[in-house]
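For reference, final-v3.pdb is printed below; it contains PDB, C-alpha atoms.
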```pdb
ATOM      1  CA  MET A   1       0.000   0.000   0.000
ATOM      2  CA  SER A   2       1.431   3.363  -0.953
ATOM      3  CA  ALA A   3       1.586   6.273   1.374
ATOM      4  CA  LYS A   4      -1.212   8.028  -0.469
ATOM      5  CA  ASP A   5      -3.435   4.963  -0.049
ATOM      6  CA  THR A   6      -3.014   5.014   3.746
ATOM      7  CA  PRO A   7      -6.296   6.034   5.461
ATOM      8  CA  ASP A   8      -6.268   9.518   6.995
ATOM      9  CA  PRO A   9      -6.308   9.056  10.771
ATOM     10  CA  GLY A  10      -8.017  12.388  11.195
ATOM     11  CA  PRO A  11      -6.996  15.147  13.642
ATOM     12  CA  THR A  12      -4.406  14.114  16.201
ATOM     13  CA  ALA A  13      -6.147  13.505  19.506
ATOM     14  CA  GLU A  14      -4.814  15.460  22.451
ATOM     15  CA  LYS A  15      -3.225  13.281  25.069
ATOM     16  CA  THR A  16      -5.157  13.469  28.329
ATOM     17  CA  THR A  17      -3.304  13.087  31.605
ATOM     18  CA  LEU A  18      -5.403  11.034  33.964
ATOM     19  CA  PRO A  19      -5.446  11.935  37.668
ATOM     20  CA  MET A  20      -3.101   9.798  39.740
ATOM     21  CA  TRP A  21      -5.972   8.579  41.899
ATOM     22  CA  MET A  22      -7.526   6.827  38.885
ATOM     23  CA  ASP A  23      -4.952   4.070  39.382
ATOM     24  CA  GLU A  24      -6.410   3.462  42.851
ATOM     25  CA  ILE A  25     -10.163   4.071  42.679
ATOM     26  CA  GLY A  26     -10.782   4.240  38.931
ATOM     27  CA  PRO A  27     -12.658   1.478  37.060
ATOM     28  CA  CYS A  28      -9.543  -0.727  37.088
ATOM     29  CA  GLY A  29      -8.184   0.409  40.456
ATOM     30  CA  ALA A  30      -7.324  -1.913  43.315
ATOM     31  CA  ALA A  31      -8.458   0.354  46.172
ATOM     32  CA  SER A  32     -11.869   1.477  47.345
ATOM     33  CA  GLY A  33     -12.970   5.064  47.758
ATOM     34  CA  PHE A  34     -15.016   7.807  46.161
ATOM     35  CA  LEU A  35     -14.974  11.192  44.466
ATOM     36  CA  HIS A  36     -17.695  13.479  45.763
ATOM     37  CA  ALA A  37     -18.320  16.085  43.057
ATOM     38  CA  ASP A  38     -19.045  19.654  44.154
ATOM     39  CA  PRO A  39     -18.410  22.960  42.342
ATOM     40  CA  HIS A  40     -16.809  24.524  45.412
ATOM     41  CA  HIS A  41     -15.367  21.729  47.545
ATOM     42  CA  PRO A  42     -15.046  18.312  45.915
ATOM     43  CA  MET A  43     -13.816  15.450  48.103
ATOM     44  CA  LEU A  44     -11.577  12.543  47.216
ATOM     45  CA  PHE A  45     -11.363   9.505  49.494
ATOM     46  CA  VAL A  46      -9.046   6.537  49.113
ATOM     47  CA  LYS A  47      -9.131   3.629  51.558
ATOM     48  CA  ARG A  48      -5.648   2.152  52.030
ATOM     49  CA  ARG A  49      -3.900  -0.530  54.052
ATOM     50  CA  ARG A  50      -2.873   1.318  57.222
ATOM     51  CA  PRO A  51      -5.623   1.896  59.836
ATOM     52  CA  ILE A  52      -4.848   5.626  59.903
ATOM     53  CA  LEU A  53      -6.931   8.364  58.276
ATOM     54  CA  LEU A  54      -5.393  11.601  57.026
ATOM     55  CA  VAL A  55      -7.844  14.424  56.276
ATOM     56  CA  THR A  56      -6.403  17.385  54.375
ATOM     57  CA  PHE A  57      -7.682  20.746  53.153
ATOM     58  CA  ASP A  58      -6.334  22.762  50.246
ATOM     59  CA  ASN A  59      -4.736  26.141  50.773
ATOM     60  CA  LEU A  60      -5.755  29.457  49.204
ATOM     61  CA  SER A  61      -2.985  29.135  46.599
ATOM     62  CA  ASN A  62      -4.732  26.105  45.050
ATOM     63  CA  VAL A  63      -8.154  27.595  44.332
ATOM     64  CA  ASN A  64      -7.476  28.645  40.726
ATOM     65  CA  ASP A  65      -5.963  25.312  39.721
ATOM     66  CA  ARG A  66      -8.446  23.710  37.290
ATOM     67  CA  ASP A  67      -6.137  20.963  36.068
ATOM     68  CA  PRO A  68      -8.151  17.695  35.861
ATOM     69  CA  ALA A  69      -5.080  15.904  37.241
ATOM     70  CA  ARG A  70      -4.982  18.130  40.346
ATOM     71  CA  LEU A  71      -4.436  16.211  43.560
ATOM     72  CA  PRO A  72      -5.622  17.122  47.054
ATOM     73  CA  TRP A  73      -3.015  18.351  49.504
ATOM     74  CA  ALA A  74      -0.623  15.588  50.711
ATOM     75  CA  TYR A  75      -2.066  12.948  48.357
ATOM     76  CA  LYS A  76       1.358  11.545  47.413
ATOM     77  CA  PHE A  77       2.483  11.481  51.037
ATOM     78  CA  ALA A  78      -0.637   9.537  52.032
ATOM     79  CA  ARG A  79      -0.257   7.130  49.121
ATOM     80  CA  ASP A  80       3.431   6.480  49.772
ATOM     81  CA  ASN A  81       2.706   5.730  53.426
ATOM     82  CA  GLN A  82      -0.450   3.705  52.693
ATOM     83  CA  LEU A  83      -2.664   6.047  54.743
ATOM     84  CA  SER A  84      -6.361   6.270  54.090
ATOM     85  CA  HIS A  85      -6.930   9.807  52.846
ATOM     86  CA  LEU A  86      -9.848  12.204  52.608
ATOM     87  CA  GLY A  87      -8.736  15.225  50.599
ATOM     88  CA  VAL A  88     -11.026  18.252  50.537
ATOM     89  CA  TYR A  89     -10.414  20.517  47.548
ATOM     90  CA  ALA A  90     -11.023  24.262  47.450
ATOM     91  CA  HIS A  91     -12.169  26.097  44.323
ATOM     92  CA  LEU A  92     -12.975  29.246  46.282
ATOM     93  CA  GLY A  93     -11.043  31.292  48.817
ATOM     94  CA  ASN A  94     -13.987  31.141  51.201
ATOM     95  CA  TRP A  95     -12.218  29.605  54.217
ATOM     96  CA  TYR A  96     -14.531  26.609  53.861
ATOM     97  CA  ARG A  97     -17.492  28.731  54.998
ATOM     98  CA  ASP A  98     -19.826  26.703  52.807
ATOM     99  CA  ALA A  99     -23.112  25.493  54.265
ATOM    100  CA  HIS A 100     -23.204  22.389  52.037
ATOM    101  CA  LEU A 101     -19.653  21.378  52.961
ATOM    102  CA  ILE A 102     -20.217  21.938  56.670
ATOM    103  CA  GLN A 103     -23.396  19.864  56.568
ATOM    104  CA  LYS A 104     -21.645  17.149  54.566
ATOM    105  CA  MET A 105     -18.805  16.908  57.102
ATOM    106  CA  GLN A 106     -21.256  16.854  60.001
ATOM    107  CA  ASP A 107     -23.272  14.101  58.302
ATOM    108  CA  MET A 108     -20.128  12.057  57.707
ATOM    109  CA  ALA A 109     -19.199  12.394  61.367
ATOM    110  CA  ARG A 110     -22.706  11.382  62.458
ATOM    111  CA  ASP A 111     -22.544   8.339  60.182
ATOM    112  CA  GLY A 112     -19.244   7.219  61.718
ATOM    113  CA  PHE A 113     -16.975   7.998  58.767
ATOM    114  CA  PHE A 114     -14.121   9.152  61.041
ATOM    115  CA  GLU A 115     -14.407   6.186  63.396
ATOM    116  CA  GLY A 116     -12.664   2.818  63.322
ATOM    117  CA  TYR A 117      -9.155   4.159  62.788
ATOM    118  CA  GLU A 118      -6.215   3.924  65.162
ATOM    119  CA  ARG A 119      -5.581   7.602  64.536
ATOM    120  CA  CYS A 120      -7.328  10.359  62.595
ATOM    121  CA  ILE A 121      -5.205  13.369  61.587
ATOM    122  CA  PHE A 122      -6.457  16.618  60.055
ATOM    123  CA  SER A 123      -3.967  18.902  58.328
ATOM    124  CA  GLY A 124      -3.629  22.000  56.177
ATOM    125  CA  SER A 125      -1.869  25.327  55.789
ATOM    126  CA  SER A 126      -3.323  28.806  56.422
ATOM    127  CA  MET A 127      -6.933  28.571  55.144
ATOM    128  CA  GLY A 128      -6.538  24.791  55.157
ATOM    129  CA  ALA A 129      -5.127  24.893  58.682
ATOM    130  CA  PHE A 130      -8.180  26.781  59.920
ATOM    131  CA  ALA A 131     -10.355  24.082  58.359
ATOM    132  CA  ALA A 132      -8.245  21.313  59.895
ATOM    133  CA  LEU A 133      -8.777  22.765  63.363
ATOM    134  CA  VAL A 134     -12.526  23.402  63.148
ATOM    135  CA  PHE A 135     -13.441  20.194  61.307
ATOM    136  CA  GLY A 136     -11.043  18.147  63.406
ATOM    137  CA  GLN A 137     -13.411  18.438  66.353
ATOM    138  CA  LEU A 138     -15.912  16.280  64.448
ATOM    139  CA  ALA A 139     -13.676  13.208  64.727
ATOM    140  CA  PRO A 140     -13.139  11.317  67.988
ATOM    141  CA  ASN A 141      -9.690  11.915  69.525
ATOM    142  CA  ALA A 142      -8.462  13.743  66.426
ATOM    143  CA  HIS A 143      -4.906  14.977  65.927
ATOM    144  CA  VAL A 144      -4.213  18.144  63.922
ATOM    145  CA  MET A 145      -1.182  19.513  62.100
ATOM    146  CA  ALA A 146      -1.925  23.191  61.432
ATOM    147  CA  PHE A 147       0.584  25.363  59.577
ATOM    148  CA  ASN A 148       0.046  29.124  60.078
ATOM    149  CA  PRO A 149      -3.641  28.795  60.955
ATOM    150  CA  GLN A 150      -6.160  31.577  61.364
ATOM    151  CA  SER A 151      -8.359  31.096  64.408
ATOM    152  CA  THR A 152     -11.245  32.765  62.526
ATOM    153  CA  LEU A 153     -11.857  35.610  60.094
ATOM    154  CA  ASN A 154     -14.996  36.737  61.904
ATOM    155  CA  GLU A 155     -14.444  40.502  62.117
ATOM    156  CA  ALA A 156     -16.405  40.667  65.354
ATOM    157  CA  LEU A 157     -13.802  38.399  66.974
ATOM    158  CA  VAL A 158     -10.630  39.510  65.171
ATOM    159  CA  PRO A 159     -11.133  43.174  64.190
ATOM    160  CA  TRP A 160      -7.352  43.511  63.873
ATOM    161  CA  GLU A 161      -7.155  40.981  60.996
ATOM    162  CA  GLU A 162      -6.729  42.999  57.799
ATOM    163  CA  ARG A 163      -5.729  40.200  55.397
ATOM    164  CA  TYR A 164      -7.996  38.025  53.238
ATOM    165  CA  LEU A 165     -10.804  40.402  52.317
ATOM    166  CA  THR A 166     -12.745  37.668  50.481
ATOM    167  CA  GLY A 167     -12.484  35.371  53.480
ATOM    168  CA  ARG A 168     -13.637  38.052  55.886
ATOM    169  CA  ARG A 169     -16.737  38.655  53.769
ATOM    170  CA  GLN A 170     -17.994  35.070  54.162
ATOM    171  CA  ASP A 171     -20.864  34.021  56.398
ATOM    172  CA  TRP A 172     -19.188  33.530  59.759
ATOM    173  CA  THR A 173     -22.505  32.802  61.482
ATOM    174  CA  LEU A 174     -22.357  29.288  60.007
ATOM    175  CA  PRO A 175     -21.357  26.487  62.405
ATOM    176  CA  LEU A 176     -17.697  25.694  63.094
ATOM    177  CA  GLY A 177     -16.544  29.271  62.594
ATOM    178  CA  ASP A 178     -14.052  29.706  65.433
ATOM    179  CA  ALA A 179     -11.112  27.381  66.025
ATOM    180  CA  VAL A 180     -10.852  28.614  69.614
ATOM    181  CA  GLU A 181     -13.977  26.604  70.376
ATOM    182  CA  ALA A 182     -12.456  23.507  68.786
ATOM    183  CA  VAL A 183      -9.022  23.175  70.392
ATOM    184  CA  GLY A 184     -10.259  21.701  73.654
ATOM    185  CA  ARG A 185     -12.105  18.961  71.769
ATOM    186  CA  LEU A 186      -8.982  17.739  70.012
ATOM    187  CA  GLU A 187      -6.730  15.005  71.312
ATOM    188  CA  ARG A 188      -3.662  16.912  70.171
ATOM    189  CA  ALA A 189      -2.876  19.786  67.815
ATOM    190  CA  PHE A 190       0.526  20.850  66.536
ATOM    191  CA  VAL A 191       0.556  24.511  65.463
ATOM    192  CA  PHE A 192       3.493  25.603  63.310
ATOM    193  CA  TYR A 193       3.971  29.369  63.045
ATOM    194  CA  ASP A 194       6.452  32.250  63.100
ATOM    195  CA  PRO A 195       6.218  34.083  66.451
ATOM    196  CA  TYR A 196       7.793  37.156  64.817
ATOM    197  CA  PHE A 197       4.979  37.388  62.257
ATOM    198  CA  GLU A 198       2.489  39.438  64.263
ATOM    199  CA  PRO A 199      -0.845  38.530  62.573
ATOM    200  CA  ASP A 200      -0.182  34.803  63.012
ATOM    201  CA  GLN A 201       1.019  35.282  66.587
ATOM    202  CA  LYS A 202      -2.267  37.018  67.426
ATOM    203  CA  HIS A 203      -4.235  34.035  66.137
ATOM    204  CA  VAL A 204      -2.053  31.664  68.154
ATOM    205  CA  ASP A 205      -2.686  33.800  71.252
ATOM    206  CA  ARG A 206      -6.415  33.378  70.672
ATOM    207  CA  LEU A 207      -6.057  29.625  70.258
ATOM    208  CA  MET A 208      -4.032  29.327  73.451
ATOM    209  CA  ALA A 209      -6.781  31.186  75.329
ATOM    210  CA  GLY A 210      -9.309  28.509  74.382
ATOM    211  CA  LYS A 211     -10.697  26.098  76.933
ATOM    212  CA  GLY A 212      -8.481  23.025  77.157
ATOM    213  CA  ALA A 213      -5.836  24.518  74.853
ATOM    214  CA  ALA A 214      -3.029  24.091  77.371
ATOM    215  CA  GLU A 215      -3.555  20.318  77.302
ATOM    216  CA  SER A 216      -4.147  19.855  73.560
ATOM    217  CA  LEU A 217      -1.975  22.445  71.783
ATOM    218  CA  THR A 218       1.741  22.062  71.090
ATOM    219  CA  LEU A 219       3.316  25.166  69.580
ATOM    220  CA  MET A 220       6.159  24.721  67.106
ATOM    221  CA  LYS A 221       7.960  28.021  66.525
ATOM    222  CA  CYS A 222       9.205  28.377  62.952
ATOM    223  CA  TRP A 223      11.241  31.538  63.469
ATOM    224  CA  TYR A 224      11.607  33.872  60.466
ATOM    225  CA  SER A 225       9.464  31.758  58.126
ATOM    226  CA  SER A 226       6.737  34.437  57.991
ATOM    227  CA  HIS A 227       3.372  33.013  56.825
ATOM    228  CA  LYS A 228       4.982  30.212  54.825
ATOM    229  CA  SER A 229       6.123  27.775  57.486
ATOM    230  CA  ALA A 230       5.125  24.664  55.510
ATOM    231  CA  VAL A 231       7.092  25.841  52.458
ATOM    232  CA  PHE A 232      10.037  26.809  54.678
ATOM    233  CA  LEU A 233      10.037  23.379  56.332
ATOM    234  CA  ARG A 234       9.850  21.646  52.969
ATOM    235  CA  LYS A 235      12.850  23.619  51.674
ATOM    236  CA  ILE A 236      15.027  22.492  54.591
ATOM    237  CA  GLY A 237      13.866  18.885  54.183
ATOM    238  CA  ALA A 238      11.919  18.841  57.460
ATOM    239  CA  LEU A 239       8.269  18.751  56.367
ATOM    240  CA  LYS A 240       8.050  15.096  55.387
ATOM    241  CA  PRO A 241       9.913  13.794  58.503
ATOM    242  CA  LEU A 242       7.706  15.961  60.728
ATOM    243  CA  MET A 243       4.484  14.729  59.143
ATOM    244  CA  THR A 244       5.718  11.145  59.284
ATOM    245  CA  GLU A 245       6.521  11.370  62.987
ATOM    246  CA  ALA A 246       3.315  13.230  63.866
ATOM    247  CA  ILE A 247       1.116  10.794  61.930
ATOM    248  CA  LEU A 248       2.878   7.487  62.506
ATOM    249  CA  GLY A 249       4.727   8.150  65.742
ATOM    250  CA  ASP A 250       4.760  10.672  68.555
ATOM    251  CA  LEU A 251       6.262  13.977  67.455
ATOM    252  CA  THR A 252       8.070  15.860  70.220
ATOM    253  CA  SER A 253       9.289  19.437  70.442
ATOM    254  CA  HIS A 254      12.851  18.121  70.700
ATOM    255  CA  GLN A 255      12.495  16.310  67.361
ATOM    256  CA  PHE A 256      11.036  19.378  65.717
ATOM    257  CA  TYR A 257      13.686  21.832  66.872
ATOM    258  CA  ASN A 258      16.438  19.381  66.001
ATOM    259  CA  LEU A 259      15.123  19.241  62.430
ATOM    260  CA  TYR A 260      14.610  23.010  62.372
ATOM    261  CA  ARG A 261      18.324  23.559  62.964
ATOM    262  CA  ASP A 262      18.804  23.046  59.227
ATOM    263  CA  ARG A 263      17.241  26.494  58.678
ATOM    264  CA  ARG A 264      20.780  27.843  59.012
ATOM    265  CA  ARG A 265      21.671  26.595  55.533
ATOM    266  CA  LEU A 266      18.747  28.372  53.862
ATOM    267  CA  ARG A 267      19.293  31.795  52.288
ATOM    268  CA  TRP A 268      15.652  32.592  52.979
ATOM    269  CA  TYR A 269      16.376  32.290  56.708
ATOM    270  CA  ARG A 270      19.425  34.544  56.481
ATOM    271  CA  GLY A 271      17.427  37.165  54.560
ATOM    272  CA  SER A 272      14.531  37.091  57.030
ATOM    273  CA  LEU A 273      16.855  37.309  60.018
ATOM    274  CA  SER A 274      18.799  40.202  58.469
ATOM    275  CA  HIS A 275      15.541  42.001  57.679
ATOM    276  CA  TYR A 276      14.411  41.572  61.283
ATOM    277  CA  PHE A 277      17.552  43.321  62.561
ATOM    278  CA  GLU A 278      17.498  45.979  59.822
ATOM    279  CA  GLU A 279      13.984  47.030  60.832
ATOM    280  CA  ARG A 280      15.281  47.577  64.371
ATOM    281  CA  GLY A 281      18.361  49.496  63.336
ATOM    282  CA  ARG A 282      20.706  46.690  64.463
ATOM    283  CA  LYS A 283      23.358  47.061  61.763
ATOM    284  CA  ASP A 284      25.894  45.188  63.892
ATOM    285  CA  MET A 285      23.610  42.155  64.047
ATOM    286  CA  VAL A 286      22.969  42.296  60.298
ATOM    287  CA  ASP A 287      26.724  42.076  59.699
ATOM    288  CA  ARG A 288      27.132  39.279  62.252
ATOM    289  CA  THR A 289      24.292  37.349  60.632
ATOM    290  CA  LYS A 290      25.942  37.524  57.209
ATOM    291  CA  ILE A 291      29.299  36.422  58.601
ATOM    292  CA  ALA A 292      27.769  33.548  60.577
ATOM    293  CA  PHE A 293      25.799  32.407  57.510
ATOM    294  CA  ARG A 294      28.937  32.359  55.309
ATOM    295  CA  ARG A 295      30.811  30.452  57.993
ATOM    296  CA  ALA A 296      28.009  27.891  58.280
ATOM    297  CA  GLN A 297      27.876  27.521  54.483
ATOM    298  CA  ARG A 298      31.618  26.826  54.324
ATOM    299  CA  LYS A 299      31.374  24.317  57.163
ATOM    300  CA  MET A 300      28.519  22.432  55.494
ATOM    301  CA  ALA A 301      30.354  22.430  52.180
ATOM    302  CA  GLN A 302      33.441  20.978  53.847
ATOM    303  CA  THR A 303      31.337  18.346  55.600
ATOM    304  CA  THR A 304      29.871  17.314  52.240
ATOM    305  CA  ILE A 305      33.376  16.987  50.765
ATOM    306  CA  ASP A 306      34.614  14.953  53.741
ATOM    307  CA  ARG A 307      31.686  12.542  53.443
ATOM    308  CA  SER A 308      32.389  11.984  49.757
ATOM    309  CA  LEU A 309      36.010  10.954  50.392
TER
END
```

In C-alpha cells, write the structure found in this file.
Amino acid sequence: MSAKDTPDPGPTAEKTTLPMWMDEIGPCGAASGFLHADPHHPMLFVKRRRPILLVTFDNLSNVNDRDPARLPWAYKFARDNQLSHLGVYAHLGNWYRDAHLIQKMQDMARDGFFEGYERCIFSGSSMGAFAALVFGQLAPNAHVMAFNPQSTLNEALVPWEERYLTGRRQDWTLPLGDAVEAVGRLERAFVFYDPYFEPDQKHVDRLMAGKGAAESLTLMKCWYSSHKSAVFLRKIGALKPLMTEAILGDLTSHQFYNLYRDRRRLRWYRGSLSHYFEERGRKDMVDRTKIAFRRAQRKMAQTTIDRSL
C-alpha cells in the first residue's frame, strides 16, 4: 500500500493526563474510595492498608488550579505511606465557609466515617489549617497539624485581621466558625507558626486562650518563616519527617527543633533574620548574621566533601 493509499487518521487527539488517583479508585483500580463532586469543595477519598486516616484541606494558593489531574493536599504522602486519605479541595477562597460542605462533614461524622481508625489526623496550611482545626473536632480523639492557621476571620472576633478580604466577607454565622472553640475537643494539635509574624502570633494567642488549649496544643515556633512555614520546612527537608513522625509516631518538640536547625543553611532564613535586625536598626547584628551564615555555608560544604572521600 502506498503512502497516499493510507487512510487519513483524522486530527491528532490530544493526550489526556489522567489523575493519579484513577490508578487506585478508577474502574480498574485496586483500592476502594469515592470522588464526591461539588463545584466549590469536591472530596476525594481513598481507603488504604494502614488503619490511619489523614484528612487534608487545600490552601488558598490552590483555588485557581483547574487541572483535571490536580491532587488534594498531601495525596502523594498519604499514598506512599499507605494512609487512608480524605482530601477536601477548594475552588474558592472562602475559608470553607460553605453550608453544604459543613453539613456534609457533620453528616459524615454522624454516620461514623471518622471512626474505626487507630488515629485520625487533620492537616492544612493557612486557610486549610483553619479548616483542619474546626473540622477536626468532628472526629473522635483527632490529631491536627496546622501550619500558620487563622483562628477565625470573623471581624467581630478579630477586628485587627486585615488580610484576606474575600475570606472576611464570608458568612461567619455558620457552624464551626471559630477554632478557639475547637481546640479543647482535640486530642492533640501541633501549630506551626512564626512568632515574629504578628498577625499569626495574634491568632495563636487566641487559640491558646481557648478552653483546654493548654492540654491539647503544642506550639512549634518556625522563626523567620513568615506566613509560609510549611514551604520553609519543605525547603530544609523537614516537612516530610515531621508529618511522618506526627502521623505514625509521637512527634516531640525536641524532634522538631532538632530538624529546624537546618534552617541555618537556607538563604531565605538569612534574609529574614537580616531584615528583622534591619527594621530595628541593628546594623551590627545584620553584619554578624551575614558572617555567621557564610561560615556555616563553608562548614557544610566541607562536611559534604569529607563525606564523599

Taking all atoms listed in the file into account, name the residue in A:Ala74, A:Leu133, A:Ala230, A:Leu165 that is nearest to A:Gly93. A:Leu165

When the PyMOL selection byres ((chain A and resi 192-205) around 9) is applied to the structure above, which residues does it catch, written out as number ranges by chain? A: 145-152, 158, 160-163, 190-191, 206-209, 218-230, 276

Any chance you could resolve the PyMOL selection byres ((chain A and resi 46) around 10) against this file and give the residues as a ChimeraX atom specification? /A:21,24-25,31-35,44-45,47-48,53,75,78-79,82-87

Fewer than 2 positions away in the same chain doesn't count, so skip those; otherwise give me all residues within 7 Å of stretch 122-126 of chain A, counting all atoms listed in the file, as an mmCIF file with C-alpha atoms, in the frame of the given file.
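Writing done, so here's out.cif:
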```
data_model
loop_
_atom_site.group_PDB
_atom_site.id
_atom_site.type_symbol
_atom_site.label_atom_id
_atom_site.label_comp_id
_atom_site.auth_asym_id
_atom_site.auth_seq_id
_atom_site.Cartn_x
_atom_site.Cartn_y
_atom_site.Cartn_z
ATOM 1 C CA LEU A 54 -5.393 11.601 57.026
ATOM 2 C CA VAL A 55 -7.844 14.424 56.276
ATOM 3 C CA THR A 56 -6.403 17.385 54.375
ATOM 4 C CA PHE A 57 -7.682 20.746 53.153
ATOM 5 C CA ASP A 58 -6.334 22.762 50.246
ATOM 6 C CA ASN A 59 -4.736 26.141 50.773
ATOM 7 C CA CYS A 120 -7.328 10.359 62.595
ATOM 8 C CA GLY A 128 -6.538 24.791 55.157
ATOM 9 C CA ALA A 129 -5.127 24.893 58.682
ATOM 10 C CA PHE A 130 -8.180 26.781 59.920
ATOM 11 C CA ALA A 132 -8.245 21.313 59.895
ATOM 12 C CA GLY A 136 -11.043 18.147 63.406
ATOM 13 C CA HIS A 143 -4.906 14.977 65.927
ATOM 14 C CA VAL A 144 -4.213 18.144 63.922
ATOM 15 C CA MET A 145 -1.182 19.513 62.100
ATOM 16 C CA ALA A 146 -1.925 23.191 61.432
ATOM 17 C CA PHE A 147 0.584 25.363 59.577
ATOM 18 C CA ASN A 148 0.046 29.124 60.078
ATOM 19 C CA PRO A 149 -3.641 28.795 60.955
ATOM 20 C CA GLN A 150 -6.160 31.577 61.364
#
```

Among A:Asp284, A:Ile52, A:Leu233, A:Asp250, A:Arg263 is approached most closely, using only C-alpha atoms, by A:Leu233

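Take the PyMOL selection byres ((chain A and resi 169) around 12) and apply it to this file: it picks Gly93, Asn94, Trp95, Arg97, Thr152, Leu153, Asn154, Glu155, Ala156, Glu162, Arg163, Tyr164, Leu165, Thr166, Gly167, Arg168, Gln170, Asp171, Trp172 and Thr173 of chain A.
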
Go ahead and save the picked residues with C-alpha atoms, as an mmCIF file, in the frame of the given file.
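So the final result, stored in result-v5.cif, reads:
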```
data_model
loop_
_atom_site.group_PDB
_atom_site.id
_atom_site.type_symbol
_atom_site.label_atom_id
_atom_site.label_comp_id
_atom_site.auth_asym_id
_atom_site.auth_seq_id
_atom_site.Cartn_x
_atom_site.Cartn_y
_atom_site.Cartn_z
ATOM 1 C CA GLY A 93 -11.043 31.292 48.817
ATOM 2 C CA ASN A 94 -13.987 31.141 51.201
ATOM 3 C CA TRP A 95 -12.218 29.605 54.217
ATOM 4 C CA ARG A 97 -17.492 28.731 54.998
ATOM 5 C CA THR A 152 -11.245 32.765 62.526
ATOM 6 C CA LEU A 153 -11.857 35.610 60.094
ATOM 7 C CA ASN A 154 -14.996 36.737 61.904
ATOM 8 C CA GLU A 155 -14.444 40.502 62.117
ATOM 9 C CA ALA A 156 -16.405 40.667 65.354
ATOM 10 C CA GLU A 162 -6.729 42.999 57.799
ATOM 11 C CA ARG A 163 -5.729 40.200 55.397
ATOM 12 C CA TYR A 164 -7.996 38.025 53.238
ATOM 13 C CA LEU A 165 -10.804 40.402 52.317
ATOM 14 C CA THR A 166 -12.745 37.668 50.481
ATOM 15 C CA GLY A 167 -12.484 35.371 53.480
ATOM 16 C CA ARG A 168 -13.637 38.052 55.886
ATOM 17 C CA GLN A 170 -17.994 35.070 54.162
ATOM 18 C CA ASP A 171 -20.864 34.021 56.398
ATOM 19 C CA TRP A 172 -19.188 33.530 59.759
ATOM 20 C CA THR A 173 -22.505 32.802 61.482
#
```

Can you measure atom CA of A:Gly184 to atom CA of A:Gln137 for me? One decimal in Å is fine.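 Separation of atom CA of A:Gly184 and atom CA of A:Gln137: 8.6 Å.
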
Rank nothing, just name the residue among A:Arg185, A:Phe232, A:Val134, A:Leu157 nearest to A:Gln106, using all atoms listed in the file. A:Val134

Could you name the residues that touch A:Ala69 at 9 Å or less, counting only C-alpha atoms, but leaving out those on the same chain fewer than 5 positions away, as number ranges by chain? A: 17-21

Could you tell me how far atom CA of A:Leu174 lies from atom CA of A:Val63, in Å and to one decimal?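 Going from atom CA of A:Leu174 over to atom CA of A:Val63, I get 21.2 Å.
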
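The space separating atom CA of A:Pro51 from atom CA of A:Glu118 comes to 5.7 Å.
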
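Restricting the calculation to all atoms listed in the file, the smallest distance between A:Leu239 and any of A:Leu259, A:Ala90, A:Ala189, A:Leu251 is found for A:Leu259.
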
Top pick for closest residue to A:Asp80, considering A:Met105, A:Arg49, A:Tyr117, A:Leu176 and counting only C-alpha atoms: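 For A:Asp80, the nearest of the candidates is A:Arg49.
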
A:His41, A:Arg50, A:His91, A:Arg280: which is nearest A:Asn64, counting all atoms listed in the file? A:His91
